[in-house]
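Undergrad: Pasting final.cif here (mmCIF, C-alpha atoms):
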```cif
data_final
loop_
_atom_site.label_atom_id
_atom_site.label_comp_id
_atom_site.auth_asym_id
_atom_site.auth_seq_id
_atom_site.Cartn_x
_atom_site.Cartn_y
_atom_site.Cartn_z
CA MET M 1 14.12 33.78 -16.24
CA ARG M 2 11.79 31.31 -14.51
CA LYS M 3 13.12 27.77 -14.68
CA GLU M 4 10.58 25.38 -16.14
CA PHE M 5 9.93 21.72 -15.42
CA TYR M 6 7.96 19.22 -17.45
CA ILE M 7 5.28 16.57 -17.09
CA THR M 8 6.76 13.54 -18.81
CA ALA M 9 4.25 10.88 -17.74
CA SER M 10 0.91 10.62 -16.01
CA VAL M 11 -1.34 7.94 -14.60
CA LYS M 12 -4.99 8.08 -13.68
CA ILE M 13 -7.01 5.43 -11.88
CA LYS M 14 -10.76 5.83 -11.60
CA ASN M 15 -13.94 3.81 -12.06
CA ASN M 16 -11.92 0.57 -12.08
CA GLU M 17 -9.88 1.67 -15.07
CA ILE M 18 -6.22 2.66 -15.42
CA PHE M 19 -4.98 5.28 -17.85
CA LYS M 20 -1.35 5.91 -18.67
CA ASN M 21 -0.68 9.15 -20.53
CA ASP M 22 -4.46 9.38 -21.17
CA ARG M 23 -4.61 5.94 -22.80
CA SER M 24 -6.57 3.17 -21.12
CA ILE M 25 -4.27 0.26 -20.31
CA PHE M 26 -6.53 -1.80 -18.05
CA LYS M 27 -10.25 -1.88 -17.47
CA ALA M 28 -12.11 -4.04 -14.99
CA ASN M 29 -15.82 -4.49 -14.45
CA LYS M 30 -17.20 -1.33 -12.86
CA SER M 31 -19.27 -3.40 -10.45
CA LEU M 32 -16.16 -4.85 -8.80
CA SER M 33 -15.34 -3.69 -5.30
CA ILE M 34 -12.19 -1.66 -5.00
CA GLN M 35 -10.44 -4.60 -3.29
CA ASP M 36 -11.35 -6.95 -6.14
CA PHE M 37 -10.32 -4.35 -8.71
CA LEU M 38 -6.95 -3.97 -6.97
CA LYS M 39 -6.50 -7.75 -6.92
CA GLU M 40 -7.21 -7.99 -10.65
CA THR M 41 -4.82 -5.12 -11.29
CA TYR M 42 -2.13 -6.89 -9.26
CA GLN M 43 -2.51 -9.93 -11.49
CA PHE M 44 -2.63 -7.84 -14.67
CA LEU M 45 0.61 -6.07 -13.75
CA ASP M 46 2.17 -9.37 -12.63
CA LEU M 47 3.51 -7.54 -9.59
CA SER M 48 4.91 -10.52 -7.62
CA TYR M 49 5.08 -8.37 -4.50
CA ALA M 50 3.58 -10.37 -1.62
CA LYS M 51 3.61 -7.38 0.71
CA PHE M 52 1.01 -5.76 -1.55
CA HIS M 53 -1.73 -7.97 -0.13
CA LYS M 54 -1.11 -6.69 3.39
CA MET M 55 -1.49 -3.05 2.44
CA ASP M 56 -4.53 -0.85 2.82
CA VAL M 57 -6.42 0.53 -0.17
CA LEU M 58 -4.51 3.82 -0.26
CA CYS M 59 -1.14 2.06 -0.35
CA LYS M 60 -2.28 -0.44 -2.96
CA LEU M 61 -3.41 2.43 -5.18
CA GLY M 62 -0.08 4.20 -4.64
CA ILE M 63 1.92 1.09 -5.51
CA ILE M 64 -0.13 0.38 -8.64
CA ALA M 65 -0.06 4.00 -9.83
CA THR M 66 3.69 4.39 -9.41
CA THR M 67 4.35 1.01 -11.01
CA VAL M 68 2.32 2.04 -14.06
CA LEU M 69 3.69 5.60 -14.17
CA LYS M 70 7.27 4.55 -14.83
CA LYS M 71 9.35 1.39 -14.84
CA ASP M 72 12.35 2.73 -12.90
CA TYR M 73 13.01 5.83 -10.85
CA PRO M 74 16.19 7.62 -9.76
CA SER M 75 16.59 6.99 -6.02
CA ASP M 76 16.23 10.72 -5.31
CA THR M 77 12.78 10.96 -6.92
CA ALA M 78 10.69 13.01 -4.52
CA LEU M 79 7.04 12.36 -3.63
CA VAL M 80 4.54 15.21 -3.36
CA LEU M 81 1.04 13.87 -2.80
CA GLN M 82 -2.32 15.27 -1.84
CA ASN M 83 -5.77 13.99 -0.98
CA LYS M 84 -8.96 14.84 0.83
CA SER M 85 -9.67 11.86 3.05
CA SER M 86 -6.25 11.16 4.52
CA SER M 87 -6.22 7.48 5.60
CA GLU M 88 -9.99 7.39 6.19
CA VAL M 89 -10.53 3.79 5.06
CA SER M 90 -7.99 2.36 7.51
CA ASP M 91 -9.06 4.83 10.21
CA PHE M 92 -12.64 3.55 10.15
CA GLN M 93 -11.55 -0.08 10.03
CA HIS M 94 -9.40 0.51 13.09
CA GLN M 95 -12.21 2.33 14.89
CA GLU M 96 -14.59 -0.58 14.26
CA LYS M 97 -12.15 -3.00 15.88
CA LEU M 98 -11.37 -0.90 18.93
CA ASN M 99 -13.96 -2.65 21.09
CA ASP M 100 -12.81 -6.09 20.02
CA PHE M 101 -9.24 -6.96 19.06
CA PRO M 102 -7.61 -4.08 17.15
CA SER M 103 -5.38 -5.29 14.35
CA PRO M 104 -1.75 -4.05 14.42
CA ALA M 105 -1.55 -4.66 10.67
CA ASN M 106 -4.51 -2.32 10.21
CA PHE M 107 -3.30 0.25 12.71
CA VAL M 108 0.01 0.84 10.92
CA TYR M 109 -1.90 2.23 7.93
CA THR M 110 -3.80 4.87 9.89
CA LEU M 111 -1.64 7.70 8.54
CA PRO M 112 -1.67 8.96 4.94
CA ASN M 113 2.10 9.30 4.71
CA ILE M 114 2.53 5.52 5.11
CA VAL M 115 1.80 5.23 1.41
CA MET M 116 4.92 7.26 0.67
CA GLY M 117 6.96 4.82 2.73
CA GLU M 118 5.48 1.88 0.84
CA ILE M 119 6.15 3.54 -2.52
CA SER M 120 9.71 4.33 -1.43
CA ILE M 121 10.34 0.73 -0.36
CA LYS M 122 8.88 -0.69 -3.57
CA HIS M 123 10.87 1.60 -5.86
CA GLN M 124 13.91 1.95 -3.58
CA LEU M 125 13.57 5.71 -3.20
CA GLN M 126 15.57 7.62 -0.62
CA SER M 127 14.12 11.04 -1.11
CA GLU M 128 12.11 14.00 0.09
CA ASN M 129 8.37 13.53 0.52
CA ALA M 130 5.30 15.45 1.58
CA PHE M 131 1.63 14.59 1.86
CA PHE M 132 -0.88 17.46 1.84
CA ILE M 133 -4.51 17.19 2.93
CA ALA M 134 -6.94 19.50 1.13
CA GLU M 135 -10.70 19.70 0.63
CA GLU M 136 -10.19 19.52 -3.11
CA PHE M 137 -7.35 19.20 -5.61
CA GLN M 138 -5.05 22.20 -5.14
CA PRO M 139 -2.41 22.01 -7.88
CA GLN M 140 -0.69 25.25 -6.88
CA ILE M 141 0.55 23.72 -3.61
CA ILE M 142 1.83 20.68 -5.48
CA VAL M 143 3.53 22.80 -8.13
CA SER M 144 5.21 25.19 -5.69
CA HIS M 145 6.51 22.39 -3.46
CA THR M 146 7.68 20.29 -6.41
CA GLU M 147 9.44 23.23 -8.06
CA SER M 148 11.13 24.11 -4.80
CA LEU M 149 12.54 20.58 -4.47
CA LEU M 150 13.73 20.46 -8.07
CA LYS M 151 15.20 24.00 -8.12
CA ASN M 152 17.11 23.41 -4.92
CA ASN M 153 18.50 20.09 -6.15
CA LYS M 154 16.69 18.17 -3.43
CA ALA M 155 15.42 15.81 -6.11
CA SER M 156 16.16 15.05 -9.74
CA ALA M 157 12.51 14.21 -10.47
CA THR M 158 9.21 14.16 -8.64
CA ILE M 159 6.12 12.00 -8.52
CA CYS M 160 3.27 14.32 -7.64
CA GLY M 161 -0.51 14.51 -7.67
CA TRP M 162 -3.75 13.36 -6.10
CA LEU M 163 -4.10 10.01 -4.33
CA GLU M 164 -7.55 9.72 -2.82
CA ALA M 165 -9.37 6.74 -1.32
CA ASN M 166 -12.40 7.07 0.91
CA LEU M 167 -15.20 4.80 2.07
CA ASN M 168 -17.18 5.31 -1.13
CA ASP M 169 -14.75 5.93 -3.94
CA TYR M 170 -11.18 6.57 -5.03
CA TYR M 171 -9.38 8.72 -7.56
CA VAL M 172 -5.72 8.69 -8.46
CA PHE M 173 -3.92 11.19 -10.66
CA LEU M 174 -0.12 11.10 -10.50
CA ASN M 175 2.45 12.79 -12.68
CA TYR M 176 6.17 12.42 -13.25
CA ILE M 177 8.01 15.73 -13.33
CA GLU M 178 11.49 16.20 -14.78
CA PRO M 179 13.78 19.06 -15.86
CA GLN M 180 13.44 18.06 -19.50
CA GLY M 181 10.35 17.38 -21.53
CA GLU M 182 7.66 18.86 -23.71
CA VAL M 183 4.57 19.50 -21.56
CA VAL M 184 5.28 22.38 -19.21
CA PHE M 185 4.53 21.62 -15.55
CA SER M 186 2.08 24.18 -14.16
CA ALA M 187 -0.99 24.39 -11.95
CA PRO M 188 -3.35 25.01 -14.90
CA ALA M 189 -1.87 22.04 -16.78
CA LEU M 190 -2.32 19.76 -13.77
CA LEU M 191 -5.85 20.99 -13.17
CA GLU M 192 -6.82 20.48 -16.79
CA ASN M 193 -5.53 16.89 -16.75
CA TYR M 194 -7.09 16.25 -13.37
CA ILE M 195 -10.61 17.07 -14.55
CA HIS M 196 -10.11 15.68 -18.08
CA GLU M 197 -12.34 12.62 -18.56
CA MET X 1 -3.32 -33.27 16.40
CA SER X 2 -2.43 -32.32 12.85
CA ASN X 3 -5.77 -30.52 12.58
CA LEU X 4 -4.41 -27.75 14.80
CA ARG X 5 -1.42 -27.30 12.50
CA GLU X 6 -3.64 -27.10 9.40
CA GLU X 7 -5.97 -24.74 11.26
CA LEU X 8 -3.04 -22.49 12.18
CA LYS X 9 -1.85 -22.40 8.58
CA GLU X 10 -5.32 -21.39 7.40
CA LYS X 11 -5.67 -18.73 10.08
CA ILE X 12 -2.22 -17.28 9.41
CA ILE X 13 -2.82 -17.12 5.66
CA GLU X 14 -6.19 -15.45 6.18
CA GLN X 15 -5.34 -13.05 8.99
CA LEU X 16 -1.94 -12.01 7.68
CA ASN X 17 -3.21 -11.71 4.09
CA LEU X 18 -0.64 -14.10 2.68
CA GLU X 19 -2.55 -14.39 -0.57
CA ASP X 20 0.38 -15.80 -2.52
CA LEU X 21 0.54 -18.82 -0.19
CA SER X 22 -1.68 -21.84 0.29
CA VAL X 23 -1.82 -24.29 3.19
CA GLU X 24 0.21 -26.77 1.10
CA ASP X 25 3.01 -24.23 0.72
CA ILE X 26 3.68 -24.09 4.47
CA GLN X 27 5.50 -27.00 6.06
CA ASN X 28 5.18 -27.53 9.81
CA ASP X 29 8.88 -26.82 10.36
CA ASP X 30 9.26 -23.88 7.97
CA LEU X 31 10.67 -20.77 9.63
CA LEU X 32 7.81 -18.28 9.86
CA PHE X 33 10.19 -15.32 10.23
CA GLY X 34 12.93 -15.65 7.66
CA ASP X 35 13.39 -16.60 4.07
CA GLU X 36 10.84 -19.42 4.03
CA ILE X 37 7.55 -17.71 4.96
CA GLY X 38 8.86 -14.17 5.39
CA LEU X 39 6.70 -12.76 8.17
CA ASP X 40 7.66 -9.38 9.65
CA SER X 41 7.37 -7.58 12.99
CA ILE X 42 3.78 -6.45 12.36
CA ASP X 43 2.87 -10.05 11.59
CA ALA X 44 4.33 -11.01 14.97
CA LEU X 45 1.91 -8.59 16.63
CA GLU X 46 -0.93 -10.10 14.63
CA LEU X 47 0.08 -13.57 15.82
CA ILE X 48 -0.04 -12.36 19.44
CA VAL X 49 -3.57 -11.05 18.82
CA LEU X 50 -4.51 -14.34 17.10
CA LEU X 51 -3.30 -16.37 20.08
CA GLU X 52 -5.37 -14.31 22.51
CA LYS X 53 -8.48 -13.97 20.35
CA ASP X 54 -8.76 -17.53 19.05
CA TYR X 55 -7.09 -19.58 21.79
CA GLY X 56 -7.37 -17.39 24.88
CA ILE X 57 -3.61 -17.41 25.40
CA LYS X 58 -1.84 -14.22 26.42
CA LEU X 59 1.78 -13.96 25.46
CA THR X 60 3.53 -11.40 27.62
CA ASP X 61 7.20 -12.40 27.45
CA PRO X 62 8.85 -11.22 24.18
CA ALA X 63 11.64 -13.77 24.60
CA GLU X 64 9.07 -16.54 24.75
CA GLY X 65 7.46 -15.25 21.55
CA LYS X 66 10.66 -15.66 19.59
CA GLU X 67 10.65 -19.40 20.28
CA VAL X 68 6.87 -19.89 20.10
CA PHE X 69 6.55 -18.24 16.67
CA LYS X 70 9.50 -20.06 15.15
CA SER X 71 7.31 -22.42 13.10
CA ILE X 72 3.81 -23.86 12.85
CA GLU X 73 5.09 -26.83 14.86
CA THR X 74 6.40 -24.73 17.78
CA LEU X 75 3.25 -22.62 17.75
CA ALA X 76 1.01 -25.70 17.81
CA GLN X 77 3.04 -27.30 20.61
CA PHE X 78 2.77 -24.10 22.64
CA ILE X 79 -1.02 -23.97 22.21
CA GLU X 80 -1.34 -27.66 23.09
CA SER X 81 0.74 -27.13 26.24
CA LYS X 82 -1.67 -24.42 27.37
CA GLN X 83 -4.86 -26.40 26.78
#
```
Just dump the structure as structure tokens.

TA:
Amino acid sequence: MRKEFYITASVKIKNNEIFKNDRSIFKANKSLSIQDFLKETYQFLDLSYAKFHKMDVLCKLGIIATTVLKKDYPSDTALVLQNKSSSEVSDFQHQEKLNDFPSPANFVYTLPNIVMGEISIKHQLQSENAFFIAEEFQPQIIVSHTESLLKNNKASATICGWLEANLNDYYVFLNYIEPQGEVVFSAPALLENYIHE
Amino acid sequence: MSNLREELKEKIIEQLNLEDLSVEDIQNDDLLFGDEIGLDSIDALELIVLLEKDYGIKLTDPAEGKEVFKSIETLAQFIESKQ
């Protein structure tokens, strides 16, 4: 019999609004830039995490999403993330500075998997992680990798989903997956929640 | 003379994105790397860039950097000694 896992929490960040389990918990003015939205969110969540201000947009979104998703995580909570634009925002910023004085603080964020390191530091995770790049949301890859980690006892839970930030927009959709719950974890379920307004 | 120290505080706050700090929060003798201000290794690289970009000073000896970046005061004295 196929072992099932469950979606026990979800977070979505889009259009300067944050949803937890499909309920809006914070809404900022849509005209705000993403940086200003992230700053307001930092204050709203009362994060008190000075390192946050040094991070790039992708990492800030990852920190906010995982902070909203759940209060505490087991240290072996795995991370399985996906996006389209990799670390595009930091990549372009770094490229613009190449002819002047490149910023080391900017350069360190020119890889998408840095966000997993930042999330792990913030939530004290010592776990498996993977970051997939895809043209569009591909839940099957996320589901198969997550199930593999959980079935093989490489993790007791997993944070998985879409974490996208590009030069024009962003979209975050993360889920918490556990062995017990009510909503069965599957590619169709993820896809339905991903496109759900 | 103190203008340079205030200027350095402003530049460090701005360029290192220390948004939780203001100029008043940083004393001239506070340890930049440690419990007081809490800068890290990437910040050290940013300070090297800042020295070269804004003051035309190239820091090539890592051992020298450890002493120069100890505090706002040591950093200011180092810049003044090069001007």

Undergrad: So what does the PyMOL selection byres ((chain X and resi 78) around 12) actually pick up in this one, as a list in words?

TA: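 Checking the PyMOL selection byres ((chain X and resi 78) around 12) against this file, the residues are Leu4, Arg5, Leu51, Tyr55, Ile57, Lys58, Leu59, Glu64, Gly65, Lys66, Glu67, Val68, Phe69, Lys70, Ser71, Ile72, Glu73, Thr74, Leu75, Ala76, Gln77, Ile79, Glu80, Ser81, Lys82 and Gln83 of chain X.
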
Undergrad: Could you write out as a list of chain:residue names the residues of chain M within 6 Å of chain X, counting only C-alpha atoms?

TA: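 Every residue of chain M that passes the 6 Å test is in M:His53, M:Lys54, M:Ala105.
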
Undergrad: Quick one: residues within 12 Å of (-16.2, -3.6, -7.5) (file frame), counting all atoms listed in the file, please, as a VMD selection string.

TA: chain M and resid 14 to 17 27 to 40 168 to 170

Undergrad: Decode the PyMOL selection byres ((chain M and resi 81) around 6) for the given file into explicit residues and return them as an mmCIF file with C-alpha atoms, in the frame of the given file.

TA:
```
data_model
loop_
_atom_site.group_PDB
_atom_site.id
_atom_site.type_symbol
_atom_site.label_atom_id
_atom_site.label_comp_id
_atom_site.auth_asym_id
_atom_site.auth_seq_id
_atom_site.Cartn_x
_atom_site.Cartn_y
_atom_site.Cartn_z
ATOM 1 C CA VAL M 80 4.540 15.210 -3.360
ATOM 2 C CA GLN M 82 -2.320 15.270 -1.840
ATOM 3 C CA PHE M 131 1.630 14.590 1.860
ATOM 4 C CA CYS M 160 3.270 14.320 -7.640
ATOM 5 C CA GLY M 161 -0.510 14.510 -7.670
ATOM 6 C CA TRP M 162 -3.750 13.360 -6.100
#
```

Undergrad: Tell me which residues the PyMOL selection byres ((chain M and resi 191-194) around 10) grabs here, as a PyMOL selection string.

TA: chain M and resi 10+12+21-22+137-140+161-162+171-175+186-190+195-197

Undergrad: For a quick check of understanding, using all atoms listed in the file, which of M:Glu128, M:Ser120, M:Thr41, M:Ile63 has the smallest distance to Asn152 of chain M?

TA: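 Using all atoms listed in the file, the shortest distance to Asn152 of chain M belongs to M:Glu128.
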
Undergrad: Between M:Ile18, M:Ile121, M:Val184, M:Ile142, single out the one closest to Asn83 of chain M, counting all atoms listed in the file.

TA: M:Ile142

Undergrad: Find, counting all atoms listed in the file, the residue in X:Lys9, X:Asn3, X:Glu14, X:Pro62 that gets nearest to Leu32 of chain X.

TA: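 Checking each candidate against Leu32 of chain X, we get X:Lys9 as the closest.
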
Undergrad: Distance atom CA of Phe26 of chain M-atom CA of Thr158 of chain M, one decimal place?

TA: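 Atom-to-atom, atom CA of Phe26 of chain M to atom CA of Thr158 of chain M, that is 24.3 Å.
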
Undergrad: If I take atom CA of Ile12 of chain X and atom CA of Ile37 of chain X, how far is one from the other in Å, to one decimal?

TA: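 So the answer is 10.7 Å.
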
Undergrad: Because the input lacks atoms here, generate N, CA and C atoms for segment 15-43 of chain X and report them as a short mmCIF file (atom, residue, chain, number, x, y, z; two decimals), in the frame of the given file.

TA:
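New file selection.cif:
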```cif
data_model
loop_
_atom_site.label_atom_id
_atom_site.label_comp_id
_atom_site.auth_asym_id
_atom_site.auth_seq_id
_atom_site.Cartn_x
_atom_site.Cartn_y
_atom_site.Cartn_z
N GLN X 15 -5.46 -14.26 8.16
CA GLN X 15 -5.34 -13.05 8.99
C GLN X 15 -4.14 -12.19 8.63
N LEU X 16 -3.11 -12.80 8.06
CA LEU X 16 -1.94 -12.01 7.68
C LEU X 16 -1.94 -11.69 6.18
N ASN X 17 -3.05 -12.01 5.52
CA ASN X 17 -3.21 -11.71 4.09
C ASN X 17 -2.06 -12.23 3.24
N LEU X 18 -1.73 -13.48 3.46
CA LEU X 18 -0.64 -14.10 2.68
C LEU X 18 -1.24 -14.74 1.42
N GLU X 19 -1.75 -13.89 0.55
CA GLU X 19 -2.55 -14.39 -0.57
C GLU X 19 -1.75 -15.18 -1.59
N ASP X 20 -0.44 -15.04 -1.58
CA ASP X 20 0.38 -15.80 -2.52
C ASP X 20 0.68 -17.21 -2.01
N LEU X 21 0.24 -17.51 -0.78
CA LEU X 21 0.54 -18.82 -0.19
C LEU X 21 -0.73 -19.63 0.00
N SER X 22 -0.58 -20.95 -0.07
CA SER X 22 -1.68 -21.84 0.29
C SER X 22 -1.21 -22.72 1.44
N VAL X 23 -2.16 -23.43 2.05
CA VAL X 23 -1.82 -24.29 3.19
C VAL X 23 -0.72 -25.28 2.80
N GLU X 24 -0.77 -25.79 1.58
CA GLU X 24 0.21 -26.77 1.10
C GLU X 24 1.62 -26.18 1.00
N ASP X 25 1.70 -24.86 0.87
CA ASP X 25 3.01 -24.23 0.72
C ASP X 25 3.77 -24.13 2.05
N ILE X 26 3.05 -24.27 3.16
CA ILE X 26 3.68 -24.09 4.47
C ILE X 26 3.91 -25.45 5.12
N GLN X 27 5.17 -25.77 5.35
CA GLN X 27 5.50 -27.00 6.06
C GLN X 27 5.53 -26.71 7.57
N ASN X 28 5.26 -27.74 8.36
CA ASN X 28 5.18 -27.53 9.81
C ASN X 28 6.46 -26.95 10.40
N ASP X 29 7.60 -27.28 9.80
CA ASP X 29 8.88 -26.82 10.36
C ASP X 29 9.47 -25.61 9.63
N ASP X 30 8.77 -25.08 8.66
CA ASP X 30 9.26 -23.88 7.97
C ASP X 30 9.42 -22.73 8.95
N LEU X 31 10.49 -21.95 8.78
CA LEU X 31 10.67 -20.77 9.63
C LEU X 31 9.66 -19.70 9.22
N LEU X 32 8.83 -19.28 10.19
CA LEU X 32 7.81 -18.28 9.86
C LEU X 32 8.46 -16.92 9.60
N PHE X 33 9.49 -16.60 10.40
CA PHE X 33 10.19 -15.32 10.23
C PHE X 33 11.56 -15.62 9.62
N GLY X 34 11.67 -15.34 8.36
CA GLY X 34 12.93 -15.65 7.66
C GLY X 34 12.63 -15.84 6.20
N ASP X 35 13.52 -16.48 5.52
CA ASP X 35 13.39 -16.60 4.07
C ASP X 35 12.22 -17.49 3.63
N GLU X 36 11.82 -18.44 4.49
CA GLU X 36 10.84 -19.42 4.03
C GLU X 36 9.42 -18.85 3.92
N ILE X 37 8.90 -18.29 5.00
CA ILE X 37 7.55 -17.71 4.96
C ILE X 37 7.61 -16.18 4.93
N GLY X 38 8.61 -15.60 5.54
CA GLY X 38 8.86 -14.17 5.39
C GLY X 38 7.95 -13.24 6.18
N LEU X 39 7.53 -13.67 7.36
CA LEU X 39 6.70 -12.76 8.17
C LEU X 39 7.57 -11.64 8.74
N ASP X 40 6.91 -10.52 9.10
CA ASP X 40 7.66 -9.38 9.65
C ASP X 40 7.16 -9.03 11.06
N SER X 41 7.67 -7.93 11.60
CA SER X 41 7.37 -7.58 12.99
C SER X 41 5.88 -7.29 13.23
N ILE X 42 5.22 -6.71 12.22
CA ILE X 42 3.78 -6.45 12.36
C ILE X 42 3.01 -7.77 12.38
N ASP X 43 3.48 -8.73 11.58
CA ASP X 43 2.87 -10.05 11.59
C ASP X 43 3.00 -10.70 12.97
#
```
